[in-house]
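**Q** File name work-v9.cif; file contents mmCIF, C-alpha atoms and all ligand atoms; full text below.
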data_upload
#
loop_
_atom_site.label_atom_id
_atom_site.label_comp_id
_atom_site.auth_asym_id
_atom_site.auth_seq_id
_atom_site.Cartn_x
_atom_site.Cartn_y
_atom_site.Cartn_z
CA MET A 93 26.72 14.57 -5.77
CA ALA A 94 23.12 13.80 -6.63
CA ASP A 95 24.16 12.63 -10.13
CA THR A 96 26.41 9.87 -8.90
CA LEU A 97 24.60 8.73 -5.78
CA GLU A 98 21.19 7.16 -5.87
CA ILE A 99 18.19 9.33 -4.99
CA ILE A 100 16.93 8.70 -1.46
CA ASP A 101 13.15 8.71 -1.48
CA LEU A 102 11.58 9.43 1.91
CA ARG A 103 8.35 10.90 0.53
CA SER A 104 6.33 7.86 1.59
CA ASP A 105 6.49 4.14 2.30
CA THR A 106 4.33 3.69 -0.80
CA VAL A 107 7.40 4.19 -3.02
CA THR A 108 8.85 0.74 -2.28
CA LYS A 109 9.39 -1.49 -5.29
CA PRO A 110 8.61 -5.22 -5.21
CA SER A 111 11.71 -7.32 -4.59
CA LEU A 112 12.80 -10.06 -7.01
CA GLU A 113 11.47 -12.71 -4.62
CA MET A 114 8.11 -10.95 -4.41
CA ARG A 115 7.97 -10.64 -8.19
CA SER A 116 8.75 -14.31 -8.50
CA ALA A 117 5.89 -15.20 -6.10
CA MET A 118 3.61 -13.01 -8.22
CA ALA A 119 4.70 -14.62 -11.46
CA SER A 120 3.93 -18.13 -10.22
CA ALA A 121 0.63 -17.29 -8.49
CA GLU A 122 -2.35 -19.55 -9.11
CA VAL A 123 -5.11 -17.35 -10.48
CA GLY A 124 -8.74 -17.34 -11.61
CA ASP A 125 -11.48 -14.81 -12.32
CA ASP A 126 -12.01 -13.04 -9.01
CA VAL A 127 -15.33 -11.50 -10.10
CA TYR A 128 -16.55 -15.14 -10.05
CA SER A 129 -14.68 -15.60 -6.72
CA ASP A 130 -12.54 -18.10 -8.63
CA ASP A 131 -9.10 -16.78 -7.74
CA PRO A 132 -7.60 -19.12 -5.12
CA THR A 133 -4.78 -16.71 -4.23
CA VAL A 134 -7.19 -13.84 -3.57
CA ASN A 135 -9.54 -16.13 -1.63
CA SER A 136 -6.76 -17.42 0.59
CA LEU A 137 -5.43 -13.89 1.18
CA GLU A 138 -8.89 -12.67 2.18
CA GLU A 139 -9.33 -15.59 4.58
CA ARG A 140 -5.84 -15.15 5.98
CA VAL A 141 -6.18 -11.46 6.70
CA ALA A 142 -9.69 -11.83 8.19
CA GLU A 143 -8.28 -14.47 10.54
CA LEU A 144 -5.33 -12.29 11.55
CA PHE A 145 -7.82 -9.78 12.97
CA GLY A 146 -10.29 -12.35 14.30
CA LYS A 147 -12.99 -11.41 11.79
CA GLU A 148 -15.28 -13.49 9.55
CA ALA A 149 -14.32 -12.15 6.14
CA ALA A 150 -12.25 -9.72 4.09
CA LEU A 151 -12.30 -8.14 0.66
CA PHE A 152 -9.28 -7.37 -1.53
CA THR A 153 -9.27 -3.84 -2.96
CA PRO A 154 -6.89 -1.92 -5.23
CA SER A 155 -6.42 0.88 -2.68
CA GLY A 156 -6.73 1.68 0.99
CA SER A 157 -9.02 4.57 0.16
CA LEU A 158 -11.47 2.12 -1.41
CA ALA A 159 -11.22 -0.22 1.60
CA ASN A 160 -12.00 2.78 3.85
CA GLN A 161 -14.86 3.95 1.66
CA LEU A 162 -16.48 0.53 1.38
CA SER A 163 -16.16 0.16 5.14
CA ILE A 164 -17.75 3.45 6.10
CA ARG A 165 -20.54 3.15 3.56
CA SER A 166 -21.37 -0.24 5.08
CA LEU A 167 -21.76 1.47 8.49
CA VAL A 168 -23.28 4.87 7.71
CA SER A 169 -26.44 5.57 5.67
CA PRO A 170 -26.82 8.61 3.40
CA GLY A 171 -27.53 11.75 5.41
CA GLU A 172 -25.90 10.33 8.51
CA GLU A 173 -22.59 11.27 10.02
CA LEU A 174 -19.14 9.79 10.41
CA ILE A 175 -16.85 11.53 12.86
CA CYS A 176 -13.08 11.38 12.55
CA GLU A 177 -9.96 13.32 13.46
CA THR A 178 -9.34 16.59 11.58
CA ASN A 179 -6.11 15.41 9.98
CA SER A 180 -7.19 11.85 9.29
CA HIS A 181 -6.74 10.33 5.83
CA ILE A 182 -10.51 9.86 5.51
CA ALA A 183 -11.11 13.56 6.14
CA ARG A 184 -8.21 15.02 4.18
CA ALA A 185 -6.84 12.61 1.62
CA GLU A 186 -9.81 10.79 0.08
CA LEU A 187 -11.05 13.79 -1.89
CA GLY A 188 -14.49 13.94 -0.36
CA ALA A 189 -15.35 10.38 -1.37
CA ALA A 190 -17.64 9.75 1.62
CA ALA A 191 -19.82 12.70 0.61
CA THR A 192 -19.49 12.18 -3.13
CA PHE A 193 -20.31 8.47 -3.30
CA SER A 194 -22.14 7.66 -0.08
CA GLY A 195 -23.94 10.84 1.01
CA ILE A 196 -22.08 10.68 4.31
CA THR A 197 -21.42 13.90 6.20
CA THR A 198 -18.38 14.25 8.41
CA ARG A 199 -17.52 16.22 11.51
CA THR A 200 -14.05 16.20 12.97
CA TRP A 201 -12.20 16.61 16.23
CA LEU A 202 -8.66 17.99 16.33
CA ALA A 203 -6.07 16.08 18.34
CA GLU A 204 -2.43 16.79 19.04
CA ARG A 205 -0.42 14.27 16.97
CA GLY A 206 -3.76 12.70 16.06
CA LEU A 207 -3.86 10.95 19.43
CA LEU A 208 -7.21 9.52 20.46
CA LYS A 209 -8.95 10.63 23.62
CA ALA A 210 -12.23 8.78 23.97
CA SER A 211 -13.93 11.56 25.96
CA GLN A 212 -13.19 14.14 23.25
CA VAL A 213 -14.78 11.93 20.61
CA LEU A 214 -17.83 11.08 22.71
CA ASP A 215 -18.42 14.77 23.41
CA LEU A 216 -18.76 15.28 19.67
CA ALA A 217 -20.89 12.22 18.88
CA LYS A 218 -24.65 12.78 18.61
CA PRO A 219 -26.35 9.45 17.91
CA ASP A 220 -30.11 9.33 17.21
CA SER A 221 -30.40 13.10 16.98
CA GLY A 222 -33.99 13.11 15.81
CA PRO A 223 -35.44 15.29 13.05
CA TYR A 224 -33.28 18.39 13.56
CA LEU A 225 -29.59 17.51 13.92
CA VAL A 226 -27.48 15.07 11.92
CA SER A 227 -27.19 11.70 13.65
CA THR A 228 -23.75 10.25 14.23
CA THR A 229 -23.56 6.61 13.16
CA ALA A 230 -19.87 5.76 13.17
CA ILE A 231 -16.44 6.85 14.35
CA ALA A 232 -13.21 6.32 12.39
CA ILE A 233 -9.86 5.91 14.15
CA GLU A 234 -6.54 6.01 12.28
CA ASN A 235 -3.73 3.81 13.65
CA THR A 236 -0.94 4.65 13.16
CA HIS A 237 -1.91 8.25 12.52
CA ASN A 238 -0.23 9.35 9.31
CA PHE A 239 -0.36 13.17 9.46
CA GLY A 240 0.00 12.92 13.25
CA GLY A 241 3.57 11.68 12.65
CA GLY A 242 3.02 7.92 12.72
CA SER A 243 1.66 8.02 16.26
CA ILE A 244 0.26 4.88 17.87
CA GLN A 245 -3.22 5.19 19.36
CA PRO A 246 -3.32 4.39 23.09
CA ILE A 247 -5.02 1.01 23.46
CA GLU A 248 -6.78 2.02 26.71
CA GLU A 249 -8.48 4.88 24.86
CA ILE A 250 -9.50 2.55 22.02
CA ALA A 251 -10.94 0.08 24.52
CA LEU A 252 -12.78 2.83 26.39
CA LEU A 253 -14.16 4.34 23.20
CA SER A 254 -15.28 0.93 21.97
CA ARG A 255 -17.12 0.20 25.22
CA GLN A 256 -18.91 3.52 25.29
CA ALA A 257 -19.63 3.56 21.55
CA LYS A 258 -21.30 0.16 21.89
CA GLU A 259 -23.57 1.51 24.62
CA LEU A 260 -24.56 4.38 22.35
CA GLY A 261 -25.09 2.10 19.34
CA LEU A 262 -22.20 3.68 17.40
CA PHE A 263 -19.96 1.69 15.04
CA LEU A 264 -16.16 1.94 15.00
CA HIS A 265 -14.02 1.81 11.87
CA LEU A 266 -10.24 1.37 11.98
CA ASP A 267 -8.20 2.98 9.22
CA GLY A 268 -5.35 0.55 9.71
CA ALA A 269 -3.30 1.42 6.64
CA ARG A 270 -0.27 1.15 8.97
CA ILE A 271 -1.73 -1.05 11.72
CA TRP A 272 1.24 -3.38 11.05
CA ASN A 273 3.58 -0.65 12.26
CA ALA A 274 1.47 -0.07 15.37
CA HIS A 275 1.48 -3.83 16.06
CA ILE A 276 5.25 -4.17 15.72
CA ALA A 277 6.08 -1.05 17.72
CA SER A 278 3.55 -1.62 20.54
CA GLY A 279 3.61 -5.42 20.71
CA ILE A 280 -0.21 -5.37 20.74
CA SER A 281 -1.58 -8.23 18.66
CA LEU A 282 -3.62 -7.76 15.50
CA LEU A 283 -6.32 -9.89 17.14
CA GLU A 284 -6.50 -7.42 20.02
CA TYR A 285 -6.79 -4.48 17.63
CA GLY A 286 -9.46 -6.38 15.70
CA LYS A 287 -11.70 -6.77 18.75
CA TYR A 288 -12.72 -3.14 18.97
CA PHE A 289 -13.86 -2.39 15.43
CA GLU A 290 -16.78 -3.37 13.19
CA THR A 291 -14.77 -2.65 10.05
CA ILE A 292 -11.02 -2.39 9.38
CA SER A 293 -8.96 -1.35 6.38
CA VAL A 294 -5.33 -2.41 5.97
CA CYS A 295 -2.71 -1.63 3.31
CA LEU A 296 -0.21 -4.10 1.88
CA SER A 297 1.30 -1.41 -0.33
CA LYS A 298 2.90 0.73 2.38
CA GLY A 299 5.62 -0.58 4.67
CA LEU A 300 4.86 -4.17 3.72
CA GLY A 301 6.24 -3.49 0.26
CA ALA A 302 3.56 -4.90 -2.05
CA PRO A 303 3.07 -2.93 -5.28
CA VAL A 304 -0.73 -2.75 -4.91
CA GLY A 305 -3.38 -3.99 -2.51
CA SER A 306 -5.48 -3.32 0.56
CA LEU A 307 -8.25 -5.17 2.33
CA MET A 308 -11.50 -4.33 4.02
CA ILE A 309 -12.16 -6.64 6.98
CA SER A 310 -15.49 -7.19 8.74
CA ASN A 311 -18.33 -9.70 9.18
CA LYS A 312 -19.70 -11.85 6.31
CA GLU A 313 -22.73 -9.69 5.74
CA ARG A 314 -20.87 -6.40 5.32
CA ILE A 315 -18.18 -8.01 3.20
CA SER A 316 -20.69 -9.59 0.90
CA SER A 317 -22.55 -6.30 0.32
CA SER A 318 -19.23 -4.49 -0.08
CA ARG A 319 -18.30 -7.00 -2.79
CA VAL A 320 -21.31 -5.71 -4.73
CA TRP A 321 -20.31 -2.09 -4.13
CA ARG A 322 -16.71 -2.76 -5.13
CA LYS A 323 -17.97 -4.01 -8.51
CA ARG A 324 -20.36 -1.06 -8.78
CA TYR A 325 -17.39 1.29 -8.27
CA GLY A 326 -15.63 -0.48 -11.14
CA ALA A 327 -13.08 -2.25 -8.96
CA GLY A 328 -14.07 -5.86 -9.64
CA MET A 329 -10.78 -7.37 -10.75
CA ARG A 330 -10.11 -10.55 -12.69
CA GLN A 331 -6.88 -12.63 -12.37
CA VAL A 332 -5.83 -10.46 -9.49
CA GLY A 333 -4.16 -13.33 -7.63
CA ILE A 334 -1.00 -11.92 -9.23
CA LEU A 335 -1.35 -9.01 -6.80
CA ALA A 336 -2.70 -11.07 -3.91
CA ALA A 337 0.45 -13.23 -4.16
CA ALA A 338 2.51 -10.12 -3.43
CA GLY A 339 0.29 -9.62 -0.38
CA HIS A 340 0.92 -13.17 0.84
CA TYR A 341 4.64 -12.67 0.32
CA ALA A 342 4.51 -9.38 2.24
CA LEU A 343 2.72 -11.00 5.19
CA ASP A 344 5.20 -13.90 5.21
CA HIS A 345 8.34 -11.78 5.10
CA ASN A 346 7.83 -8.11 5.74
CA ILE A 347 5.96 -7.57 9.01
CA SER A 348 8.64 -8.04 11.66
CA ARG A 349 11.22 -6.13 9.63
CA LEU A 350 9.16 -2.94 10.11
CA ALA A 351 11.15 -2.59 13.35
CA ASP A 352 14.15 -1.60 11.18
CA ASP A 353 12.14 1.23 9.62
CA HIS A 354 11.23 2.45 13.09
CA ILE A 355 14.87 2.52 14.17
CA LYS A 356 15.79 4.46 11.04
CA ALA A 357 13.03 7.01 11.63
CA LYS A 358 14.16 7.49 15.22
CA LYS A 359 17.74 8.09 14.04
CA LEU A 360 16.62 10.71 11.54
CA ALA A 361 14.51 12.39 14.23
CA GLN A 362 17.51 12.53 16.56
CA VAL A 363 19.70 14.08 13.87
CA CYS A 364 17.01 16.69 13.14
CA ALA A 365 16.45 17.46 16.83
CA ASN A 366 20.19 17.96 17.32
CA ALA A 367 20.43 20.31 14.37
CA ALA A 368 17.20 22.22 15.15
CA PRO A 369 15.47 21.28 18.43
CA SER A 370 12.19 23.04 17.60
CA THR A 371 11.54 20.79 14.58
CA ILE A 372 10.79 17.57 16.43
CA ASN A 373 10.75 15.72 19.71
CA PRO A 374 12.34 12.35 18.90
CA ASP A 375 10.37 10.74 21.74
CA PHE A 376 7.23 11.25 19.66
CA VAL A 377 8.63 9.21 16.77
CA GLU A 378 7.12 5.81 17.50
CA THR A 379 7.04 4.22 14.06
CA ASN A 380 8.31 5.02 10.54
CA ILE A 381 7.12 8.61 10.11
CA VAL A 382 9.06 11.75 11.03
CA GLY A 383 7.04 14.97 10.91
CA LEU A 384 9.20 18.10 11.00
CA ASP A 385 7.83 21.45 12.17
CA LEU A 386 9.61 24.17 10.20
CA SER A 387 7.55 27.07 11.57
CA GLN A 388 10.67 28.51 13.26
CA ALA A 389 12.83 28.08 10.14
CA ASN A 390 13.80 30.75 7.61
CA VAL A 391 12.41 28.67 4.72
CA SER A 392 9.03 27.11 3.92
CA ALA A 393 8.54 23.33 3.79
CA LEU A 394 8.34 23.58 0.02
CA GLU A 395 11.64 25.46 -0.23
CA PHE A 396 13.25 22.98 2.16
CA ALA A 397 11.99 20.04 0.10
CA SER A 398 13.30 21.64 -3.06
CA SER A 399 16.80 22.16 -1.56
CA ALA A 400 16.78 18.57 -0.33
CA LYS A 401 15.86 17.36 -3.80
CA GLN A 402 18.88 19.15 -5.24
CA LYS A 403 20.99 17.09 -2.87
CA GLY A 404 19.32 13.84 -3.88
CA LEU A 405 16.84 13.53 -1.01
CA LEU A 406 13.09 13.47 -1.64
CA VAL A 407 10.76 14.49 1.21
CA SER A 408 7.11 15.59 1.34
CA ALA A 409 6.07 19.17 2.07
CA LEU A 410 2.56 18.56 3.44
CA GLY A 411 1.86 21.99 4.86
CA LYS A 412 3.35 25.49 4.76
CA SER A 413 5.83 24.50 7.45
CA TYR A 414 5.22 20.76 7.84
CA LEU A 415 7.61 18.29 6.29
CA ARG A 416 7.14 14.51 6.33
CA LEU A 417 9.84 11.85 6.05
CA VAL A 418 8.86 8.18 5.89
CA THR A 419 11.33 5.33 6.22
CA HIS A 420 10.76 2.03 4.41
CA MET A 421 12.36 -1.22 3.26
CA ASP A 422 14.14 0.27 0.25
CA ILE A 423 16.21 2.61 2.46
CA THR A 424 19.57 1.04 3.35
CA ASP A 425 21.48 1.96 6.51
CA GLU A 426 23.93 3.86 4.33
CA ALA A 427 21.13 5.81 2.59
CA ASN A 428 19.56 6.63 5.94
CA GLU A 429 22.85 8.04 7.21
CA ARG A 430 23.29 10.08 4.06
CA ALA A 431 19.71 11.37 4.43
CA GLY A 432 20.56 12.35 8.01
CA ALA A 433 23.65 14.26 6.87
CA ILE A 434 21.67 16.15 4.21
CA LEU A 435 18.92 17.01 6.71
CA GLN A 436 21.46 18.20 9.26
CA GLU A 437 23.17 20.49 6.76
CA LEU A 438 19.88 21.96 5.49
CA LEU A 439 18.43 22.41 8.97
CA GLU A 440 21.55 24.17 10.21
CA ARG A 441 21.21 26.53 7.27
CA ALA A 442 17.45 26.98 7.76
CA PHE A 443 17.89 27.96 11.41
CA VAL A 444 21.12 29.96 11.15
CA LEU A 445 19.43 33.38 11.14
CA LYS A 446 17.07 32.61 13.99
C1 LIG A 501 -2.12 5.45 2.53
C2 LIG A 501 -3.25 5.55 3.45
C3 LIG A 501 -4.52 5.09 3.10
C4 LIG A 501 -4.86 4.50 1.75
O1 LIG A 501 -4.24 5.09 0.71
P1 LIG A 501 -4.34 4.55 -0.79
O2 LIG A 501 -3.33 5.38 -1.46
O3 LIG A 501 -5.73 4.82 -1.23
O4 LIG A 501 -4.02 3.09 -0.79
C5 LIG A 501 -5.51 5.17 4.05
N1 LIG A 501 -5.27 5.67 5.26
C6 LIG A 501 -4.06 6.11 5.63
C7 LIG A 501 -3.86 6.61 7.01
C8 LIG A 501 -3.01 6.08 4.74
O5 LIG A 501 -1.81 6.52 5.12
#
How does this structure look as structure tokens?
**A**
Amino acid sequence: MADTLEIIDLRSDTVTKPSLEMRSAMASAEVGDDVYSDDPTVNSLEERVAELFGKEAALFTPSGSLANQLSIRSLVSPGEELICETNSHIARAELGAAATFSGITTRTWLAERGLLKASQVLDLAKPDSGPYLVSTTAIAIENTHNFGGGSIQPIEEIALLSRQAKELGLFLHLDGARIWNAHIASGISLLEYGKYFETISVCLSKGLGAPVGSLMISNKERISSSRVWRKRYGAGMRQVGILAAAGHYALDHNISRLADDHIKAKKLAQVCANAAPSTINPDFVETNIVGLDLSQANVSALEFASSAKQKGLLVSALGKSYLRLVTHMDITDEANERAGAILQELLERAFVLK
């Protein structure tokens, strides 16, 4: 079956391929040398995205990890501390970059589904600790929370944290790789999200479907020093308007359609819950990520992923018993249904002896 039907790739929303229209926008982009700030397409994208979040300036980067790293290094000095959630991308998936490049130490709090509770974070924060303990300088919040299953952070908790952090002199960073998904699912504006954070990172290369590209967003001063650090890291790019044009196209066409991805994820979650109720509560699937708990199954996540692959479905085994499915614009309704049927069959088999 897998030889004749196309492979369904639910490993991540980063696997999307640029559409013909996007490629055509890229091919006709006006470009210049961006290290000289001469690329009009990059400049207009930076201005556009800064404005979307109500900020002064933005900086185009090749990856979201770099946008995160430039952001946190602009907030936290060497030897100081950033606190973030245990399963956040900054803590787990950036390979120790904050320590390696910026001398930043991290402490983490663990939250069910990654969901923010301001009081939990403030209990951990220790600003101005004096000569004995590490001083906390900044807090990073991930929205939506990737390894938390695409969960949307409660806006009241963000607002509360922001208010109290300000009183303590602590900075807030938003890892907004999928803030677009949070915006579409919650109806909360990007401007509103922008209000609470000193620095923000966003990805164009996830659900928005661009091949490459992220931005760091902040005030003029931090962006201008981050421009220097970007070059120092070797990520000063030249006629990169070719990529920025994909970003413009993505912002023009691909934000509101994220709602379709959310519907597809919900459908998959319902199929999985019907086949094996302990794997997921579909009510928790708010955006485009479905995290399956296979701890009650008779196979590991890796074995499950390998059986799925044999049937033409790619999924991510992210833990011993944690499987992640991510819906995106390259998944048709038909492919989503076929994915559901494969998952149902494999789950029924994986829970048959329990
Ligand atoms: C994907 C992602 C990033 C950035 O990833 P890159 O692969 O470096 O672009 C950052 N944060 C979260 C939560 C992500 O999911």
**Q** Residues up to 9 Å from ligand LIG 501 (chain A), counting all atoms listed in the file: could you list those as a VMD selection string?
**A** chain A and resid 104 to 106 153 to 160 180 to 182 185 to 186 234 to 239 267 to 270 293 to 298 304 to 306
**Q** Do you know which residues are at most 10 Å from range 358-369 of chain A counting all atoms listed in the file, after dropping those on the same chain fewer than 6 positions away, and could you put them as a PyMOL selection string?
**A** chain A and resi 352+375-386+388-389+417-419+428-429+431-433+435-444
**Q** Considering all atoms listed in the file, state which residue in the set A:Ser392, A:Thr291, A:Gln331, A:Gln245 is at the smallest distance from Arg314 in chain A.
**A**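 For Arg314 in chain A, the nearest of the candidates is A:Thr291.
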**Q** Near Gly124 in chain A, within 10 Å and counting only C-alpha atoms, which residues show up once chain neighbours fewer than 2 positions away are dropped, as a list in words?
**A**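 My list of contacting residues is Ala121, Glu122, Asp126, Val127, Tyr128, Ser129, Asp130, Asp131, Pro132, Thr133, Val134, Arg330, Gln331, Val332, Gly333 and Ile334 of chain A.
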**Q** Find the residue from A:Phe396, A:Ser227, A:His265, A:Ile315 that sits nearest to Ile292 in chain A; use all atoms listed in the file when measuring.
**A**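 Closest candidate: A:His265.
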**Q** Could you please determine the separation between CA of Leu202 in chain A and CA of Pro223 in chain A in Å, to one decimal place?
**A**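 So the answer is 27.1 Å.
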**Q** If we draw a sphere of 9 Å around (15.2, 16.2, -1.0), which residues have at least one atom in it when counting all atoms listed in the file? Please report them as a compact mmCIF listing (two decimals) with C-alpha atoms, in the coordinates of the input.
**A**
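Saved result, part.txt, follows:
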# COMPACT_ATOMS: atom_id res chain seq x y z
CA ILE A 99 18.19 9.33 -4.99
CA ILE A 100 16.93 8.70 -1.46
CA ASP A 101 13.15 8.71 -1.48
CA LEU A 102 11.58 9.43 1.91
CA ARG A 103 8.35 10.90 0.53
CA PHE A 396 13.25 22.98 2.16
CA ALA A 397 11.99 20.04 0.10
CA SER A 398 13.30 21.64 -3.06
CA SER A 399 16.80 22.16 -1.56
CA ALA A 400 16.78 18.57 -0.33
CA LYS A 401 15.86 17.36 -3.80
CA GLN A 402 18.88 19.15 -5.24
CA LYS A 403 20.99 17.09 -2.87
CA GLY A 404 19.32 13.84 -3.88
CA LEU A 405 16.84 13.53 -1.01
CA LEU A 406 13.09 13.47 -1.64
CA VAL A 407 10.76 14.49 1.21
CA SER A 408 7.11 15.59 1.34
CA ALA A 431 19.71 11.37 4.43
CA ILE A 434 21.67 16.15 4.21
CA LEU A 435 18.92 17.01 6.71
**Q** Of the candidates A:Arg349, A:Lys218, A:Arg165, A:Arg140, which one gets nearest to Leu307 in chain A if we count all atoms listed in the file?
**A**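 The closest residue to Leu307 in chain A is A:Arg140.
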